[in-house]
>>> print(open('run_5.cif').read())   # mmCIF, C-alpha atoms and all ligand atoms
data_run
#
loop_
_atom_site.label_atom_id
_atom_site.label_comp_id
_atom_site.auth_asym_id
_atom_site.auth_seq_id
_atom_site.Cartn_x
_atom_site.Cartn_y
_atom_site.Cartn_z
CA MET X 230 -31.27 8.81 8.96
CA TYR X 231 -28.60 8.78 11.69
CA SER X 232 -25.88 9.03 9.06
CA LYS X 233 -27.37 12.35 7.88
CA ILE X 234 -27.62 13.66 11.45
CA LEU X 235 -24.07 12.55 12.18
CA ARG X 236 -22.62 14.03 9.05
CA ASN X 237 -24.58 17.30 9.01
CA TYR X 238 -24.86 18.14 12.72
CA LEU X 239 -22.93 15.96 15.17
CA MET X 240 -19.66 15.61 13.27
CA PRO X 241 -19.24 19.32 12.42
CA PHE X 242 -19.80 20.14 16.09
CA TYR X 243 -17.44 17.39 17.27
CA GLU X 244 -14.79 18.48 14.78
CA MET X 245 -15.07 22.11 15.79
CA LEU X 246 -14.44 21.12 19.42
CA ASN X 247 -11.58 18.82 18.50
CA LYS X 248 -10.11 20.91 15.66
CA LYS X 249 -10.39 17.91 13.36
CA GLU X 250 -10.99 18.08 9.61
CA LEU X 251 -12.29 14.67 8.69
CA LEU X 252 -15.39 16.02 6.93
CA ARG X 253 -13.43 18.52 4.87
CA HIS X 254 -11.14 15.75 3.62
CA LEU X 255 -14.04 13.36 3.07
CA ASN X 256 -15.95 15.95 1.01
CA GLU X 257 -12.83 16.67 -1.00
CA TYR X 258 -12.08 12.99 -1.67
CA GLU X 259 -15.70 12.31 -2.58
CA SER X 260 -15.68 15.17 -5.07
CA HIS X 261 -12.77 13.46 -6.88
CA LEU X 262 -15.15 10.66 -7.90
CA GLN X 263 -16.62 13.14 -10.40
CA TRP X 264 -13.23 13.58 -12.09
CA ASN X 265 -11.95 11.72 -15.13
CA ALA X 266 -8.77 9.64 -15.29
CA GLU X 267 -6.68 12.58 -16.63
CA GLN X 268 -7.76 14.90 -13.81
CA LEU X 269 -6.94 12.22 -11.25
CA ALA X 270 -3.50 11.62 -12.77
CA ALA X 271 -2.72 15.35 -12.88
CA HIS X 272 -3.78 15.79 -9.26
CA GLN X 273 -1.73 12.77 -8.19
CA TRP X 274 1.39 14.11 -9.88
CA GLN X 275 0.94 17.56 -8.34
CA GLU X 276 0.66 16.09 -4.84
CA LEU X 277 3.53 13.67 -5.46
CA SER X 278 5.92 16.45 -6.53
CA LEU X 279 5.17 18.31 -3.30
CA LEU X 280 5.84 15.17 -1.27
CA LEU X 281 9.10 14.48 -3.11
CA SER X 282 10.53 17.92 -2.40
CA HIS X 283 9.38 17.68 1.21
CA ALA X 284 11.10 14.28 1.62
CA TYR X 285 14.24 15.47 -0.16
CA ASN X 286 14.49 18.58 2.00
CA THR X 287 13.48 17.29 5.42
CA THR X 288 14.63 13.64 5.69
CA SER X 289 18.22 12.52 5.48
CA PHE X 290 17.37 9.04 4.20
CA TYR X 291 15.71 10.03 0.93
CA ARG X 292 18.15 12.83 0.19
CA LYS X 293 21.06 10.42 0.52
CA ALA X 294 19.39 7.48 -1.27
CA TRP X 295 18.30 9.63 -4.21
CA GLN X 296 21.66 11.36 -4.49
CA GLU X 297 23.24 7.90 -4.69
CA VAL X 298 21.25 7.20 -7.87
CA GLY X 299 22.24 10.54 -9.36
CA VAL X 300 19.35 12.81 -8.37
CA THR X 301 20.92 16.03 -7.13
CA ASP X 302 17.94 18.27 -7.82
CA ILE X 303 14.51 16.83 -7.04
CA ARG X 304 12.98 18.99 -9.80
CA ASP X 305 14.70 16.61 -12.25
CA ILE X 306 12.02 14.05 -11.36
CA LYS X 307 9.43 15.33 -13.83
CA ASN X 308 6.93 12.49 -14.22
CA LEU X 309 5.96 9.01 -13.06
CA THR X 310 8.55 7.40 -15.35
CA ASP X 311 11.32 9.42 -13.66
CA PHE X 312 9.73 8.63 -10.33
CA SER X 313 9.95 4.88 -11.04
CA THR X 314 13.76 5.15 -11.15
CA LEU X 315 13.94 6.19 -7.50
CA PRO X 316 15.02 3.39 -5.12
CA LEU X 317 12.45 1.08 -3.55
CA ILE X 318 12.41 0.92 0.21
CA THR X 319 11.74 -2.03 2.50
CA LYS X 320 10.76 -2.63 6.10
CA LEU X 321 14.41 -3.42 6.79
CA ASP X 322 15.50 0.06 5.58
CA ILE X 323 13.09 1.60 8.03
CA GLN X 324 14.17 -0.66 10.89
CA GLN X 325 17.83 0.15 10.30
CA HIS X 326 17.48 3.89 9.62
CA TYR X 327 14.32 4.77 11.50
CA ALA X 328 15.26 8.30 12.56
CA GLU X 329 16.45 9.22 9.06
CA PHE X 330 12.95 8.60 7.69
CA VAL X 331 11.24 10.98 10.11
CA SER X 332 10.83 14.49 8.73
CA SER X 333 12.79 17.13 10.66
CA LYS X 334 9.67 19.32 10.43
CA TYR X 335 7.40 16.89 12.30
CA SER X 336 7.86 15.96 15.94
CA ASN X 337 4.31 15.03 17.06
CA ASN X 338 3.73 11.98 14.92
CA ILE X 339 1.45 9.10 15.84
CA ARG X 340 3.54 5.94 16.31
CA LYS X 341 2.19 2.55 15.25
CA SER X 342 3.35 -1.05 15.24
CA THR X 343 2.39 -3.88 13.00
CA GLY X 344 3.03 -7.57 12.76
CA GLY X 345 2.11 -7.25 9.09
CA SER X 346 2.10 -10.31 6.93
CA THR X 347 5.87 -10.72 7.09
CA GLY X 348 6.13 -11.96 10.66
CA GLN X 349 8.50 -9.20 11.64
CA PRO X 350 7.26 -6.71 14.26
CA PHE X 351 7.60 -3.32 12.68
CA HIS X 352 7.24 0.30 13.79
CA PHE X 353 6.37 3.39 11.79
CA GLU X 354 4.67 6.75 12.28
CA TYR X 355 2.57 9.39 10.57
CA ASN X 356 1.50 12.96 11.24
CA LEU X 357 -1.93 13.98 12.50
CA GLU X 358 -3.29 15.22 9.19
CA SER X 359 -2.23 11.97 7.53
CA ASN X 360 -4.25 10.14 10.17
CA THR X 361 -7.37 12.21 9.45
CA ARG X 362 -6.94 11.73 5.72
CA ARG X 363 -6.67 7.96 6.02
CA GLU X 364 -9.91 7.95 8.01
CA ALA X 365 -11.55 10.04 5.27
CA ILE X 366 -10.33 7.64 2.57
CA MET X 367 -11.69 4.72 4.52
CA TRP X 368 -15.10 6.36 4.89
CA ARG X 369 -15.21 7.16 1.18
CA GLY X 370 -14.54 3.52 0.21
CA TYR X 371 -16.88 2.14 2.86
CA GLY X 372 -19.38 4.77 1.75
CA TRP X 373 -19.60 3.61 -1.86
CA LEU X 374 -20.21 0.11 -0.47
CA GLY X 375 -23.06 1.27 1.78
CA ALA X 376 -21.14 1.27 5.07
CA GLY X 377 -20.28 4.97 5.19
CA LEU X 378 -20.08 7.40 8.07
CA GLY X 379 -23.00 6.84 10.47
CA GLU X 380 -24.52 3.79 8.73
CA LYS X 381 -25.49 1.22 11.33
CA THR X 382 -22.59 -1.21 11.04
CA LEU X 383 -21.55 -4.34 12.87
CA TYR X 384 -17.84 -5.16 12.84
CA LEU X 385 -16.66 -8.74 13.27
CA TRP X 386 -13.06 -7.77 13.74
CA GLY X 387 -9.93 -8.58 15.76
CA ALA X 388 -10.04 -6.90 19.16
CA ASP X 389 -7.10 -5.49 21.03
CA ILE X 390 -4.90 -7.93 22.89
CA GLY X 391 -4.86 -7.73 26.67
CA GLU X 392 -7.38 -6.69 29.30
CA LYS X 393 -9.25 -3.42 28.99
CA THR X 394 -9.81 -1.26 32.01
CA PHE X 395 -13.45 -0.58 32.87
CA LEU X 396 -13.14 3.09 31.95
CA LYS X 397 -11.45 2.33 28.67
CA ALA X 398 -14.23 -0.14 27.82
CA ILE X 399 -16.91 2.52 28.49
CA LYS X 400 -15.04 5.12 26.46
CA ASN X 401 -14.79 2.62 23.62
CA ASP X 402 -18.52 1.84 23.75
CA LEU X 403 -19.43 5.53 23.63
CA TYR X 404 -17.06 6.14 20.75
CA HIS X 405 -18.54 3.30 18.73
CA ALA X 406 -22.10 4.38 19.57
CA PHE X 407 -21.32 7.86 18.21
CA TYR X 408 -20.26 6.32 14.89
CA ASN X 409 -23.31 3.99 15.07
CA ARG X 410 -21.34 0.79 15.10
CA LYS X 411 -20.94 -2.31 17.23
CA MET X 412 -17.79 -4.38 17.56
CA LEU X 413 -17.70 -8.17 18.00
CA ASN X 414 -14.33 -9.81 18.65
CA SER X 415 -13.59 -12.22 15.82
CA PHE X 416 -10.60 -13.75 17.63
CA ALA X 417 -12.87 -15.02 20.41
CA MET X 418 -15.43 -16.68 18.12
CA ASN X 419 -15.60 -20.49 17.97
CA LYS X 420 -18.13 -23.22 17.16
CA ASN X 421 -19.40 -23.22 20.76
CA ASN X 422 -20.35 -19.55 20.82
CA MET X 423 -21.32 -18.93 17.18
CA MET X 424 -25.02 -18.91 18.10
CA GLU X 425 -24.34 -15.96 20.42
CA TYR X 426 -22.70 -14.07 17.55
CA ILE X 427 -25.64 -14.79 15.26
CA ASP X 428 -27.97 -13.67 18.04
CA GLN X 429 -26.06 -10.41 18.52
CA ILE X 430 -26.33 -9.67 14.80
CA TYR X 431 -30.06 -10.39 14.94
CA ARG X 432 -30.59 -8.07 17.89
CA TYR X 433 -28.43 -5.24 16.54
CA LYS X 434 -29.94 -5.35 13.01
CA PRO X 435 -27.03 -3.67 11.20
CA SER X 436 -27.43 -2.29 7.67
CA ALA X 437 -23.81 -3.28 7.05
CA ILE X 438 -21.45 -5.97 8.32
CA VAL X 439 -17.69 -5.42 8.10
CA SER X 440 -15.59 -8.49 8.84
CA TYR X 441 -12.33 -10.38 8.58
CA VAL X 442 -12.83 -12.96 5.83
CA ASN X 443 -12.21 -16.23 7.66
CA PRO X 444 -14.34 -15.71 10.77
CA LEU X 445 -17.30 -14.60 8.63
CA TYR X 446 -16.78 -17.54 6.29
CA GLU X 447 -16.79 -19.95 9.24
CA LEU X 448 -19.91 -18.27 10.59
CA ALA X 449 -21.56 -18.56 7.17
CA ASN X 450 -20.77 -22.28 6.99
CA PHE X 451 -22.28 -22.74 10.43
CA ILE X 452 -25.44 -20.85 9.40
CA ILE X 453 -25.88 -22.95 6.27
CA GLU X 454 -25.09 -26.24 7.99
CA HIS X 455 -27.63 -25.62 10.77
CA LYS X 456 -30.18 -23.89 8.51
CA ILE X 457 -30.34 -20.86 10.81
CA ALA X 458 -32.43 -17.81 9.90
CA VAL X 459 -30.11 -14.80 10.21
CA TYR X 460 -30.57 -11.06 10.03
CA GLN X 461 -30.01 -9.90 6.46
CA PRO X 462 -27.91 -6.73 6.21
CA LYS X 463 -27.94 -4.54 3.08
CA THR X 464 -24.22 -4.94 2.44
CA ILE X 465 -21.24 -6.98 3.64
CA LEU X 466 -17.62 -5.78 3.46
CA THR X 467 -14.67 -8.04 4.06
CA GLY X 468 -11.00 -7.24 4.59
CA ALA X 469 -7.68 -8.14 6.25
CA GLU X 470 -7.48 -11.58 4.59
CA PRO X 471 -7.79 -12.76 0.99
CA LEU X 472 -11.39 -13.43 -0.07
CA TYR X 473 -11.60 -16.53 -2.24
CA PRO X 474 -14.54 -16.96 -4.65
CA HIS X 475 -15.97 -19.94 -2.76
CA GLN X 476 -15.87 -17.91 0.45
CA ARG X 477 -17.67 -15.00 -1.17
CA GLU X 478 -20.38 -17.35 -2.46
CA THR X 479 -20.85 -19.07 0.89
CA ILE X 480 -21.12 -15.78 2.80
CA GLN X 481 -23.54 -14.37 0.20
CA GLN X 482 -25.68 -17.49 0.43
CA ALA X 483 -25.75 -17.54 4.25
CA PHE X 484 -26.72 -13.86 4.63
CA ASN X 485 -28.58 -13.52 1.33
CA CYS X 486 -26.58 -10.35 0.76
CA GLN X 487 -23.90 -9.10 -1.62
CA VAL X 488 -20.31 -9.36 -0.35
CA ASN X 489 -17.59 -6.91 -1.40
CA ASP X 490 -13.92 -6.98 -0.54
CA THR X 491 -11.56 -4.23 0.58
CA PHE X 492 -7.79 -4.24 0.63
CA GLY X 493 -5.42 -2.37 2.88
CA CYS X 494 -2.58 -2.67 5.33
CA ARG X 495 -1.64 -1.03 8.58
CA GLU X 496 0.98 1.30 7.08
CA PHE X 497 -1.52 2.88 4.67
CA MET X 498 -4.96 1.68 5.82
CA LEU X 499 -7.48 1.37 2.98
CA MET X 500 -5.69 1.05 -0.38
CA SER X 501 -8.61 -0.11 -2.51
CA ALA X 502 -12.23 -1.16 -2.22
CA GLU X 503 -14.46 -3.01 -4.66
CA CYS X 504 -17.34 -1.45 -6.54
CA ARG X 505 -20.73 -3.08 -6.13
CA LYS X 506 -21.36 -3.29 -9.87
CA ASN X 507 -18.31 -5.23 -11.10
CA ASN X 508 -16.46 -6.28 -7.93
CA ASN X 509 -13.40 -4.40 -9.20
CA LEU X 510 -11.00 -3.12 -6.55
CA HIS X 511 -10.68 0.65 -7.12
CA ILE X 512 -7.37 2.14 -5.95
CA ASN X 513 -7.33 5.36 -3.93
CA SER X 514 -4.98 7.01 -6.42
CA ASP X 515 -5.77 10.50 -5.12
CA HIS X 516 -4.29 9.50 -1.77
CA LEU X 517 -1.62 6.92 -2.64
CA VAL X 518 0.62 6.08 -5.57
CA ILE X 519 0.40 2.33 -6.08
CA GLU X 520 2.84 0.60 -8.42
CA THR X 521 3.80 -3.03 -9.00
CA VAL X 522 7.40 -4.09 -9.68
CA ASN X 523 8.99 -7.32 -10.89
CA GLU X 524 11.92 -9.23 -9.37
CA GLN X 525 14.35 -6.75 -10.95
CA GLY X 526 12.50 -3.84 -9.38
CA GLN X 527 11.10 -2.61 -12.72
CA SER X 528 7.55 -1.29 -12.96
CA VAL X 529 5.06 -3.73 -14.47
CA LYS X 530 1.40 -3.40 -15.46
CA GLY X 531 -1.00 -6.22 -16.20
CA LEU X 532 1.33 -8.74 -14.53
CA SER X 533 1.59 -9.80 -10.95
CA GLY X 534 4.26 -7.85 -9.05
CA ASP X 535 5.31 -6.63 -5.62
CA LEU X 536 3.36 -3.61 -4.46
CA ALA X 537 5.38 -0.41 -4.08
CA ILE X 538 3.29 2.19 -2.29
CA THR X 539 3.70 5.91 -1.69
CA ASP X 540 1.50 7.76 0.77
CA LEU X 541 0.95 11.24 -0.68
CA TYR X 542 0.14 12.77 2.70
CA ASN X 543 2.35 11.14 5.31
CA TYR X 544 4.63 14.13 5.73
CA GLY X 545 5.67 13.01 9.23
CA MET X 546 7.48 9.90 8.00
CA PRO X 547 7.31 9.80 4.23
CA LEU X 548 6.94 6.29 2.83
CA ILE X 549 7.94 6.49 -0.82
CA ARG X 550 8.00 3.41 -3.07
CA TYR X 551 7.63 1.24 -0.01
CA LEU X 552 7.39 -2.54 -0.54
CA ASN X 553 4.75 -3.66 1.93
CA GLY X 554 5.18 -7.38 1.23
CA ASP X 555 1.94 -7.90 -0.74
CA ARG X 556 1.65 -8.75 -4.41
CA ALA X 557 -1.04 -7.63 -6.84
CA THR X 558 -1.92 -7.15 -10.51
CA LEU X 559 -2.83 -3.68 -11.78
CA ILE X 560 -4.64 -3.02 -15.06
CA GLU X 561 -5.31 0.14 -17.03
CA THR X 562 -8.86 -0.64 -18.17
CA ALA X 563 -11.58 1.73 -16.98
CA CYS X 564 -14.47 0.26 -14.99
CA SER X 565 -18.01 0.52 -16.33
CA CYS X 566 -19.36 1.35 -12.86
CA GLY X 567 -18.50 5.02 -13.34
CA ASN X 568 -15.91 5.19 -10.55
CA PRO X 569 -12.86 6.80 -12.23
CA LEU X 570 -10.28 5.41 -9.78
CA PRO X 571 -7.92 2.85 -11.38
CA ILE X 572 -8.31 -0.89 -10.90
CA MET X 573 -6.34 -3.50 -9.02
CA LYS X 574 -7.34 -6.67 -10.86
CA SER X 575 -6.27 -9.06 -8.14
CA VAL X 576 -4.38 -9.31 -4.88
CA ASP X 577 -2.01 -12.21 -5.35
CA GLY X 578 0.09 -12.78 -2.32
CA ARG X 579 -1.28 -12.83 1.17
CA LYS X 580 -2.07 -15.89 3.08
CA LEU X 581 -2.50 -16.45 6.75
CA ASP X 582 -3.65 -19.97 7.57
CA ILE X 583 -6.19 -20.62 10.27
CA ILE X 584 -5.24 -22.73 13.30
CA LYS X 585 -7.63 -25.45 14.54
CA THR X 586 -8.28 -27.19 17.85
CA PRO X 587 -9.53 -30.75 18.60
CA SER X 588 -13.00 -29.46 19.64
CA GLY X 589 -13.39 -27.48 16.40
CA LYS X 590 -12.34 -23.99 17.46
CA ILE X 591 -10.87 -21.90 14.68
CA ILE X 592 -8.19 -19.30 15.35
CA PRO X 593 -7.60 -16.83 12.48
CA GLY X 594 -3.95 -16.44 11.55
CA GLU X 595 -4.31 -12.67 12.02
CA LEU X 596 -4.18 -13.22 15.78
CA PHE X 597 -0.48 -13.99 15.72
CA PRO X 598 1.03 -10.90 14.05
CA HIS X 599 -1.33 -8.93 16.26
CA LEU X 600 -0.05 -10.70 19.38
CA PHE X 601 3.67 -10.88 18.58
CA LYS X 602 4.05 -7.25 17.59
CA GLU X 603 3.85 -6.46 21.33
CA PHE X 604 7.12 -8.30 21.99
CA THR X 605 10.20 -6.37 20.95
CA CYS X 606 12.43 -9.34 21.82
CA ILE X 607 11.00 -11.17 18.79
CA GLN X 608 12.53 -10.41 15.42
CA ARG X 609 10.61 -12.91 13.34
CA PHE X 610 8.24 -15.75 14.04
CA GLN X 611 6.24 -18.53 12.50
CA VAL X 612 3.34 -20.44 13.96
CA LYS X 613 3.16 -23.99 12.69
CA GLN X 614 0.53 -26.64 13.36
CA THR X 615 1.46 -30.21 12.41
CA THR X 616 -0.87 -32.05 14.81
CA LEU X 617 -4.40 -31.14 15.90
CA ASP X 618 -3.49 -30.80 19.58
CA SER X 619 -0.27 -28.81 19.43
CA LEU X 620 1.19 -25.59 18.10
CA ASP X 621 4.87 -24.93 17.39
CA ILE X 622 6.08 -21.36 17.64
CA LEU X 623 9.38 -20.71 15.91
CA ILE X 624 11.11 -17.54 16.98
CA ILE X 625 14.17 -15.65 15.83
CA GLU X 626 15.13 -13.48 18.78
CA ASN X 627 16.29 -9.88 18.98
CA THR X 628 16.98 -10.37 22.67
CA PRO X 629 16.33 -13.53 24.69
CA LEU X 630 12.66 -14.45 25.05
CA ASP X 631 12.23 -14.64 28.82
CA ILE X 632 9.91 -16.87 30.85
CA LEU X 633 7.44 -14.03 31.46
CA SER X 634 7.05 -13.36 27.73
CA ARG X 635 6.57 -17.07 27.06
CA GLU X 636 3.91 -17.23 29.73
CA LYS X 637 2.16 -14.14 28.40
CA ILE X 638 2.12 -15.50 24.84
CA THR X 639 0.86 -18.88 26.05
CA SER X 640 -1.89 -17.35 28.14
CA GLU X 641 -3.05 -15.07 25.28
CA ILE X 642 -3.28 -18.04 22.92
CA ASN X 643 -5.02 -20.12 25.60
CA LYS X 644 -7.74 -17.49 25.81
CA TYR X 645 -8.80 -18.52 22.33
CA THR X 646 -7.98 -22.23 22.46
CA GLN X 647 -9.02 -22.82 26.10
CA GLY X 648 -5.74 -24.67 26.52
CA GLU X 649 -6.55 -27.32 23.91
CA LEU X 650 -3.21 -26.89 22.16
CA ALA X 651 0.16 -27.75 23.70
CA ILE X 652 2.34 -24.77 22.84
CA ASN X 653 6.01 -25.43 22.07
CA PHE X 654 8.53 -22.63 21.63
CA SER X 655 11.63 -23.15 19.50
CA ILE X 656 14.30 -20.50 19.25
CA VAL X 657 15.80 -20.77 15.77
CA ASN X 658 18.32 -18.93 13.60
CA GLU X 659 16.36 -19.21 10.41
CA ILE X 660 12.78 -19.64 9.22
CA ALA X 661 12.35 -21.21 5.81
CA LEU X 662 10.63 -19.12 3.13
CA THR X 663 8.02 -20.44 0.72
CA VAL X 664 9.07 -21.37 -2.83
CA SER X 665 8.00 -17.92 -3.98
CA GLY X 666 10.28 -16.36 -1.36
CA LYS X 667 7.52 -15.21 0.97
CA HIS X 668 7.61 -15.59 4.69
CA ARG X 669 4.57 -17.40 6.00
CA VAL X 670 3.38 -16.36 9.43
CA THR X 671 1.05 -19.28 9.99
CA ILE X 672 1.15 -22.77 8.54
CA CYS X 673 -1.59 -25.28 9.26
CA GLU X 674 -0.96 -28.82 8.03
CA VAL X 675 -3.92 -30.51 9.72
ZN ZN X 701 -16.01 -0.28 -10.72
#
>>> encode(input="run_5.cif", output="structure tokens")
Amino acid sequence: MYSKILRNYLMPFYEMLNKKELLRHLNEYESHLQWNAEQLAAHQWQELSLLLSHAYNTTSFYRKAWQEVGVTDIRDIKNLTDFSTLPLITKLDIQQHYAEFVSSKYSNNIRKSTGGSTGQPFHFEYNLESNTRREAIMWRGYGWLGAGLGEKTLYLWGADIGEKTFLKAIKNDLYHAFYNRKMLNSFAMNKNNMMEYIDQIYRYKPSAIVSYVNPLYELANFIIEHKIAVYQPKTILTGAEPLYPHQRETIQQAFNCQVNDTFGCREFMLMSAECRKNNNLHINSDHLVIETVNEQGQSVKGLSGDLAITDLYNYGMPLIRYLNGDRATLIETACSCGNPLPIMKSVDGRKLDIIKTPSGKIIPGELFPHLFKEFTCIQRFQVKQTTLDSLDILIIENTPLDILSREKITSEINKYTQGELAINFSIVNEIALTVSGKHRVTICEV
């Protein structure tokens, strides 16, 4: 009911006042679900060609990088096969040549930071329309899972680090009320206050729950273990962490409700979302170009590879064939659910361990990238737990990590551990990679 009012009356009015075009983009993206695979591919290529000429003409990085591989006229890139010969870009390229990635035509971009899953604080930006489009894509995916615009939704999600001012808190509450959603801070949840979280869900009676995987899994275990009667939503969406089959089963059992996964990252937001019928992750191919490449940088299909992602609408800072650090397997089979968007068969390479405390508190690994991205003096970090009452933080510095920063980090972590873990900082020159060459942000060996 509210979702209809929001979409048909409140949002159009709000958008008129704010000169925003979320609904227009959402309607357009939703209409693409009626297309077939050929129409989607044709549309994707048309939008990609426009982006390529824009990047070639208005950024110095791409012009130079593409000229180096022999592309002197961007019109020579005539199809996806040609496209796959263009160089891949990494976070390091962006860190070293930041200004060269920003389009000379865009000066009012929105700047963002991420800890990502690589443990390296990272900055990037996008233009305003790109921001609206990513919101629209998110609402489309959430929509086909029953958590669309205006559906009463409870989020068990990581909250912002640091104290909020009173006014900011009120503004936040109003904003969430408008969208008909309630936020619970997953970072602050532990065994001692889980009953309060369950209670809040019961009182709010959401039709949908959207959550980080691990906190909801822990909550589900608690519910089953204590045989608690919980409020049963119509749908549950997870994200931000890999969802393992046993976790899906446990959450489904605890809430007596279907669980579906979503997959995204901060640079692009929602990349794919599962369908309810087959639990296949459908890729937003009308908004992004998603490829997988092998160790030699060649495109692969049907095999696990590094994700190379292109945002069709970030004209402010084009990200073209950008390796975001995740791995996945793409397949070309169509899904019987009727959604024509292509399928990501599995996400293969993300893992953030949870950190534990002696009294049973559980700290999701997501806290740490979130926390450390605020500190520009940190180039790379790893949080390692080898005993139940301590936490080692390994840091490669950009500039020396001063006492104040150490204290701030310690006090932020203590908020969630209540001081149960002794925190040790080590400044190091190197952090060992896993056997598969990935950097692990959190390692829990207890
Ligand atoms: Zn499907």
>>> atom_distance(input="run_5.cif", atom1="atom CA of Thr310 of chain X", atom2="atom CA of Glu257 of chain X")
27.4 Å
>>> closest_residue(input="run_5.cif", among="X:Val670, X:Cys566, X:Ala661, X:Ala365", to="ligand ZN 701 (chain X)", atoms="all atoms listed in the file")
X:Cys566
>>> residues_near_ligand(input="run_5.cif", ligand="ligand ZN 701 (chain X)", cutoff="9 Å", atoms="all atoms listed in the file", output="list in words")
Glu503, Cys504, Arg505, Lys506, Asn507, Asn508, Asn509, Leu510, His511, Ala563, Cys564, Ser565, Cys566, Gly567, Asn568, Pro569, Leu570, Pro571 and Ile572 of chain X
>>> closest_residue(input="run_5.cif", among="X:Asn286, X:Thr467, X:Thr314, X:Ser232", to="Arg550 of chain X", atoms="all atoms listed in the file")
X:Thr314
>>> closest_residue(input="run_5.cif", among="X:Val576, X:Ala483, X:Ile672, X:Ile512", to="Ile622 of chain X", atoms="all atoms listed in the file")
X:Ile672
>>> closest_residue(input="run_5.cif", among="X:Ile453, X:Ile642, X:Val442, X:Ile303", to="Pro474 of chain X", atoms="all atoms listed in the file")
X:Val442
